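Asker: Sharing input20.csv here; it has CSV, C-alpha atoms.
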```csv
chain,number,residue,atom,x,y,z
A,379,MET,CA,-22.0,37.1,9.0
A,380,GLU,CA,-21.6,34.2,6.6
A,381,LEU,CA,-22.8,30.8,7.7
A,382,ASP,CA,-22.2,27.4,6.0
A,383,PHE,CA,-25.6,26.4,4.7
A,384,THR,CA,-24.2,23.7,2.4
A,385,LYS,CA,-24.2,20.7,4.8
A,386,SER,CA,-27.9,20.4,5.6
A,387,ASP,CA,-29.6,21.2,2.3
A,388,GLY,CA,-29.4,25.0,2.7
A,389,LEU,CA,-30.1,25.0,6.5
A,390,VAL,CA,-28.3,25.4,9.7
A,391,ALA,CA,-29.4,24.0,13.1
A,392,ALA,CA,-30.5,26.7,15.5
A,393,VAL,CA,-30.3,25.9,19.2
A,394,ILE,CA,-32.6,28.1,21.3
A,395,GLN,CA,-31.5,28.6,24.9
A,396,ASP,CA,-33.3,30.6,27.6
A,397,ALA,CA,-31.0,33.6,28.3
A,398,GLN,CA,-31.9,33.6,32.0
A,399,SER,CA,-32.1,30.0,33.1
A,400,GLY,CA,-29.8,28.5,30.5
A,401,ARG,CA,-32.4,25.8,29.6
A,402,VAL,CA,-32.3,24.6,26.1
A,403,LEU,CA,-35.8,25.2,24.8
A,404,MET,CA,-35.8,23.8,21.2
A,405,VAL,CA,-33.9,23.2,18.1
A,406,GLY,CA,-35.1,24.8,14.9
A,407,TRP,CA,-33.7,25.2,11.4
A,408,MET,CA,-32.8,28.4,9.5
A,409,ASN,CA,-32.0,29.0,5.9
A,410,ASP,CA,-30.2,32.2,4.9
A,411,GLU,CA,-33.4,34.2,4.7
A,412,ALA,CA,-34.7,33.0,8.1
A,413,PHE,CA,-31.3,33.8,9.7
A,414,LYS,CA,-31.3,37.3,8.1
A,415,LYS,CA,-34.9,38.0,9.2
A,416,THR,CA,-33.9,36.8,12.7
A,417,VAL,CA,-31.1,39.3,12.9
A,418,GLU,CA,-33.1,42.1,11.3
A,419,THR,CA,-36.2,41.7,13.4
A,420,GLY,CA,-34.8,40.5,16.7
A,421,TYR,CA,-37.3,37.7,16.8
A,422,ALA,CA,-36.4,34.1,16.0
A,423,VAL,CA,-37.6,33.1,12.5
A,424,PHE,CA,-37.2,29.5,11.4
A,425,TYR,CA,-37.5,27.5,8.2
A,426,SER,CA,-40.1,24.8,8.5
A,427,ARG,CA,-38.9,21.6,6.8
A,428,SER,CA,-42.4,20.1,6.9
A,429,ARG,CA,-44.2,23.1,5.4
A,430,ASN,CA,-41.2,24.4,3.3
A,431,LYS,CA,-41.6,28.0,4.4
A,432,LEU,CA,-40.4,30.5,6.9
A,433,TRP,CA,-42.2,30.8,10.1
A,434,LEU,CA,-42.0,33.5,12.8
A,435,LYS,CA,-42.0,31.5,16.0
A,436,GLY,CA,-45.1,32.7,17.9
A,437,GLU,CA,-47.0,33.8,14.8
A,438,THR,CA,-50.0,31.7,16.0
A,439,SER,CA,-49.4,31.4,19.8
A,440,GLY,CA,-48.0,34.9,20.4
A,441,HIS,CA,-45.0,33.1,22.1
A,442,ARG,CA,-42.3,34.9,20.3
A,443,LEU,CA,-38.6,34.5,21.1
A,444,VAL,CA,-36.8,37.8,21.7
A,445,VAL,CA,-33.2,37.3,20.6
A,446,LYS,CA,-30.6,38.5,23.1
A,447,GLU,CA,-27.4,37.0,21.6
A,448,ILE,CA,-26.4,34.9,18.6
A,449,SER,CA,-23.4,32.7,18.5
A,450,THR,CA,-22.0,30.4,15.8
A,451,ASP,CA,-19.8,27.4,16.1
A,452,CYS,CA,-16.3,26.7,14.8
A,453,ASP,CA,-17.5,25.4,11.4
A,454,ARG,CA,-20.4,27.9,11.2
A,455,ASP,CA,-23.0,25.3,10.4
A,456,ALA,CA,-25.0,25.8,13.6
A,457,VAL,CA,-26.2,28.9,15.6
A,458,LEU,CA,-27.0,29.3,19.2
A,459,LEU,CA,-29.6,31.9,20.2
A,460,LYS,CA,-30.0,33.1,23.7
A,461,VAL,CA,-33.5,34.3,24.0
A,462,GLU,CA,-36.2,35.7,26.2
A,463,ALA,CA,-39.3,33.5,25.6
A,464,GLN,CA,-42.5,35.5,25.5
A,465,GLY,CA,-45.2,33.3,27.0
A,466,PRO,CA,-45.1,30.2,29.2
A,467,GLY,CA,-43.6,27.7,26.8
A,468,VAL,CA,-42.1,27.2,23.4
A,469,CYS,CA,-43.4,23.7,22.7
A,470,HIS,CA,-46.6,23.3,20.8
A,471,GLU,CA,-47.4,20.4,23.2
A,472,GLY,CA,-47.7,22.8,26.1
A,473,TYR,CA,-44.3,22.5,27.7
A,474,GLU,CA,-41.7,25.2,28.5
A,475,SER,CA,-39.1,23.3,26.5
A,476,CYS,CA,-39.5,20.9,23.6
A,477,PHE,CA,-37.1,18.7,25.5
A,478,PHE,CA,-39.6,17.5,28.0
A,479,ARG,CA,-38.8,13.8,27.7
A,480,SER,CA,-35.6,12.1,29.1
A,481,LEU,CA,-34.2,8.6,28.6
A,482,GLU,CA,-34.8,6.4,31.6
A,483,ASP,CA,-34.2,2.6,31.5
A,484,GLY,CA,-34.3,2.6,27.7
A,485,SER,CA,-37.6,4.6,27.3
A,486,TRP,CA,-38.5,8.2,26.9
A,487,LYS,CA,-40.2,9.5,30.1
A,488,VAL,CA,-42.0,12.8,30.4
A,489,LYS,CA,-40.1,14.8,33.0
A,490,ASP,CA,-42.0,18.1,32.9
A,491,THR,CA,-45.5,19.3,33.7
A,492,GLN,CA,-47.3,21.3,31.0
A,493,ALA,CA,-46.8,25.1,31.3
A,494,TYR,CA,-50.0,25.9,29.4
A,495,ASP,CA,-52.9,24.3,27.6
A,496,PRO,CA,-52.0,23.9,24.0
A,497,ASN,CA,-55.6,23.5,22.9
A,498,ALA,CA,-56.4,26.9,24.3
A,499,VAL,CA,-53.5,28.4,22.4
A,500,TYR,CA,-53.5,26.5,19.1
A,501,GLY,CA,-57.1,25.3,19.0
A,502,ASN,CA,-58.1,21.7,18.7
B,1065,MET,CA,-36.1,4.8,22.6
B,1066,GLU,CA,-37.1,5.4,18.9
B,1067,LEU,CA,-35.9,8.6,17.3
B,1068,ASP,CA,-36.9,10.1,13.9
B,1069,PHE,CA,-33.9,9.7,11.7
B,1070,THR,CA,-35.8,10.4,8.5
B,1071,LYS,CA,-35.6,14.2,8.3
B,1072,SER,CA,-31.9,14.7,8.1
B,1073,ASP,CA,-30.6,11.8,6.0
B,1074,GLY,CA,-30.5,9.3,8.8
B,1075,LEU,CA,-29.3,11.7,11.4
B,1076,VAL,CA,-30.5,13.7,14.4
B,1077,ALA,CA,-29.0,16.9,15.8
B,1078,ALA,CA,-27.3,16.3,19.2
B,1079,VAL,CA,-27.0,19.4,21.4
B,1080,ILE,CA,-24.2,19.0,24.0
B,1081,GLN,CA,-24.7,21.0,27.1
B,1082,ASP,CA,-22.4,21.2,30.2
B,1083,ALA,CA,-24.4,19.6,33.0
B,1084,GLN,CA,-22.9,21.9,35.6
B,1085,SER,CA,-22.7,25.3,34.0
B,1086,GLY,CA,-25.5,24.9,31.4
B,1087,ARG,CA,-23.3,26.2,28.7
B,1088,VAL,CA,-24.0,24.8,25.2
B,1089,LEU,CA,-20.7,23.3,24.1
B,1090,MET,CA,-21.3,21.9,20.6
B,1091,VAL,CA,-23.8,20.5,18.2
B,1092,GLY,CA,-23.0,17.1,16.7
B,1093,TRP,CA,-24.9,14.6,14.6
B,1094,MET,CA,-25.9,11.0,15.4
B,1095,ASN,CA,-27.2,8.2,13.3
B,1096,ASP,CA,-29.0,5.3,14.9
B,1097,GLU,CA,-25.7,3.5,15.6
B,1098,ALA,CA,-24.0,6.5,17.1
B,1099,PHE,CA,-27.0,7.1,19.4
B,1100,LYS,CA,-27.1,3.5,20.5
B,1101,LYS,CA,-23.3,3.5,21.2
B,1102,THR,CA,-23.7,6.7,23.2
B,1103,VAL,CA,-26.4,5.1,25.3
B,1104,GLU,CA,-24.5,1.9,25.7
B,1105,THR,CA,-21.1,3.4,26.6
B,1106,GLY,CA,-22.1,6.5,28.4
B,1107,TYR,CA,-19.8,8.6,26.2
B,1108,ALA,CA,-21.0,10.8,23.4
B,1109,VAL,CA,-20.4,9.1,20.0
B,1110,PHE,CA,-21.2,11.1,16.9
B,1111,TYR,CA,-21.5,10.5,13.2
B,1112,SER,CA,-19.1,12.6,11.2
B,1113,ARG,CA,-20.8,14.0,8.0
B,1114,SER,CA,-17.4,14.9,6.5
B,1115,ARG,CA,-15.7,11.6,7.2
B,1116,ASN,CA,-18.9,9.5,6.9
B,1117,LYS,CA,-18.1,7.4,10.0
B,1118,LEU,CA,-18.7,7.2,13.7
B,1119,TRP,CA,-16.4,9.0,16.0
B,1120,LEU,CA,-16.0,8.8,19.7
B,1121,LYS,CA,-15.7,12.4,20.8
B,1122,GLY,CA,-12.3,12.6,22.5
B,1123,GLU,CA,-10.7,9.6,20.7
B,1124,THR,CA,-7.8,11.8,19.7
B,1125,SER,CA,-7.8,14.5,22.3
B,1126,GLY,CA,-8.9,12.4,25.3
B,1127,HIS,CA,-11.5,15.0,25.9
B,1128,ARG,CA,-14.5,12.6,26.2
B,1129,LEU,CA,-18.0,13.7,27.1
B,1130,VAL,CA,-19.5,11.7,30.0
B,1131,VAL,CA,-23.3,11.6,29.4
B,1132,LYS,CA,-25.3,12.5,32.5
B,1133,GLU,CA,-28.8,12.9,30.9
B,1134,ILE,CA,-30.4,12.4,27.5
B,1135,SER,CA,-33.5,14.2,26.4
B,1136,THR,CA,-35.4,14.3,23.1
B,1137,ASP,CA,-37.7,16.9,21.7
B,1138,CYS,CA,-41.4,16.8,20.8
B,1139,ASP,CA,-40.9,15.4,17.3
B,1140,ARG,CA,-37.9,13.2,18.3
B,1141,ASP,CA,-35.6,14.5,15.7
B,1142,ALA,CA,-33.1,16.1,18.1
B,1143,VAL,CA,-31.5,15.1,21.3
B,1144,LEU,CA,-30.0,17.1,24.1
B,1145,LEU,CA,-27.2,15.6,26.1
B,1146,LYS,CA,-26.1,17.0,29.4
B,1147,VAL,CA,-22.5,16.0,29.9
B,1148,GLU,CA,-19.5,16.3,32.0
B,1149,ALA,CA,-16.7,17.3,29.6
B,1150,GLN,CA,-13.4,15.6,30.4
B,1151,GLY,CA,-10.6,18.1,29.5
B,1152,PRO,CA,-10.5,21.9,29.2
B,1153,GLY,CA,-12.6,22.2,26.1
B,1154,VAL,CA,-14.6,20.4,23.4
B,1155,CYS,CA,-13.7,22.6,20.4
B,1156,HIS,CA,-10.8,21.4,18.2
B,1157,GLU,CA,-9.8,25.1,18.0
B,1158,GLY,CA,-8.9,25.2,21.7
B,1159,TYR,CA,-12.0,26.7,23.2
B,1160,GLU,CA,-14.3,25.4,25.9
B,1161,SER,CA,-17.3,25.6,23.6
B,1162,CYS,CA,-17.5,25.5,19.8
B,1163,PHE,CA,-19.8,28.5,20.2
B,1164,PHE,CA,-17.0,31.0,20.9
B,1165,ARG,CA,-18.0,33.6,18.3
B,1166,SER,CA,-21.0,35.9,18.7
B,1167,LEU,CA,-22.6,38.4,16.3
B,1168,GLU,CA,-21.7,42.0,17.0
B,1169,ASP,CA,-22.6,44.8,14.5
B,1170,GLY,CA,-23.0,42.3,11.7
B,1171,SER,CA,-19.8,40.4,12.2
B,1172,TRP,CA,-18.8,37.3,14.2
B,1173,LYS,CA,-16.5,38.3,17.0
B,1174,VAL,CA,-14.5,35.9,19.1
B,1175,LYS,CA,-15.8,36.2,22.7
B,1176,ASP,CA,-13.7,33.6,24.5
B,1177,THR,CA,-10.1,33.0,25.3
B,1178,GLN,CA,-8.7,29.6,24.4
B,1179,ALA,CA,-8.8,27.0,27.1
B,1180,TYR,CA,-6.0,24.9,25.7
B,1181,ASP,CA,-3.5,24.8,22.9
B,1182,PRO,CA,-5.0,22.8,20.1
B,1183,ASN,CA,-1.6,22.2,18.5
B,1184,ALA,CA,-0.4,20.5,21.6
B,1185,VAL,CA,-3.4,18.2,21.7
B,1186,TYR,CA,-4.1,17.5,18.0
B,1187,GLY,CA,-0.6,18.1,16.6
B,1188,ASN,CA,0.1,20.5,13.7
```
Mind converting the file's structure to structure tokens?
Answerer:
Amino acid sequence: MELDFTKSDGLVAAVIQDAQSGRVLMVGWMNDEAFKKTVETGYAVFYSRSRNKLWLKGETSGHRLVVKEISTDCDRDAVLLKVEAQGPGVCHEGYESCFFRSLEDGSWKVKDTQAYDPNAVYGN
Amino acid sequence: MELDFTKSDGLVAAVIQDAQSGRVLMVGWMNDEAFKKTVETGYAVFYSRSRNKLWLKGETSGHRLVVKEISTDCDRDAVLLKVEAQGPGVCHEGYESCFFRSLEDGSWKVKDTQAYDPNAVYGN
């Protein structure tokens, strides 16, 4: 179950994909402990680079990610998690996916509508 | 078109997804120059952390990635590229996707069959 945590300061990139629709929902980071907790609990646990600690995705919002399948890439420095997302969206800005902006004529344009009101979930 | 390159030593994670099937094919890294070249040329250009230089994906194999759509996430430190992959696979080990191993009973198991012979493409 070994991963290569040496290339990104003890972390691997974790791509989160909706198991049903195939939509890429977010990219998070995992250290060894976060990865092990993810495997043990069946819920995605990340390492927050800004807060320097583990976080169970959904601990505030209730929008947990139920892990259906975990893959790794050829050099084992990234993981791909197919998940069932509990709740309407994974993005703290209220969108289904954190990738709600696309490049159009050299600028990032919002391409989605919000799936929920982030103020109601996270508070102001 | 600004991205946040400060969190990963000047790089952003670039998730490559097949535009047709939705399969996640690989995760690469881009610095500002690689990202701009990707946008300008319409082919995915990465920054190699091991070789410390830009690489046009497919420069050896011919298996280029034609970019169909580029999205970024809420904090702009990752990009998602929907692509049309030229050639049978993006992985230098001969698979369609670099994510050809999944976790099963605590071990990584190969879940795919090779899509091409890497020795014929990359040489021995």
Asker: What is the atom CA of A:Thr450-atom CA of B:Trp1093 distance in Å, reported with one decimal?
Answerer: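 Atom-to-atom, atom CA of A:Thr450 and atom CA of B:Trp1093 are spaced 16.1 Å apart.
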Asker: For chain B, work out the contacting residues on chain A at 8 Å, counting all atoms listed in the file, and write them as a list in words.
Answerer: Met379, Ser386, Ala391, Val393, Gly400, Arg401, Met404, Val405, Glu447, Ile448, Ser449, Thr450, Asp451, Cys452, Ala456, Val457, Leu458, Cys469, Glu471, Cys476, Phe477, Phe478, Arg479, Ser480, Leu481, Gly484, Ser485 and Trp486 of chain A
Asker: For A:Asp495, please output as a ChimeraX atom specification all residues within 12 Å (counting only C-alpha atoms; exclusion window: fewer than 4 positions along the same chain).
Answerer: /A:439,465-474,491,499-502
Asker: How many Å separate atom CA of A:Gly420 from atom CA of A:Gly388?
Answerer: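 Pair atom CA of A:Gly420 / atom CA of A:Gly388 returns 21.6 Å.
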Asker: My list of candidates is B:Val1076, B:Val1147, B:Val1130, B:Ala1083. Which is closest to B:Thr1105 when distances are computed with only C-alpha atoms?
Answerer: B:Val1130
Asker: B:Glu1104, B:Glu1148, B:Asp1176, B:Glu1097: which is nearest B:Trp1119, counting only C-alpha atoms?
Answerer: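 Smallest distance to B:Trp1119 is found for B:Glu1097.
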Asker: Go ahead and compute the interatomic distance for atom CA of B:Leu1129 and atom CA of B:Lys1117, in Å to one decimal.
Answerer: 18.2 Å
Asker: Mind checking which residues fall within 12 Å of B:Lys1101, counting all atoms listed in the file, ignoring those fewer than 5 positions away in the same chain, and posting them as a ChimeraX atom specification?
Answerer: /B:1094-1096,1106-1111,1118-1121,1131
Asker: Name the closest residue to A:Ala412 among the candidates A:Gln398, A:Asn497, A:Gln492, A:Asn430; distances are taken between atoms, counting only C-alpha atoms.
Answerer: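 Counting only C-alpha atoms, the residue closest to A:Ala412 is A:Asn430.
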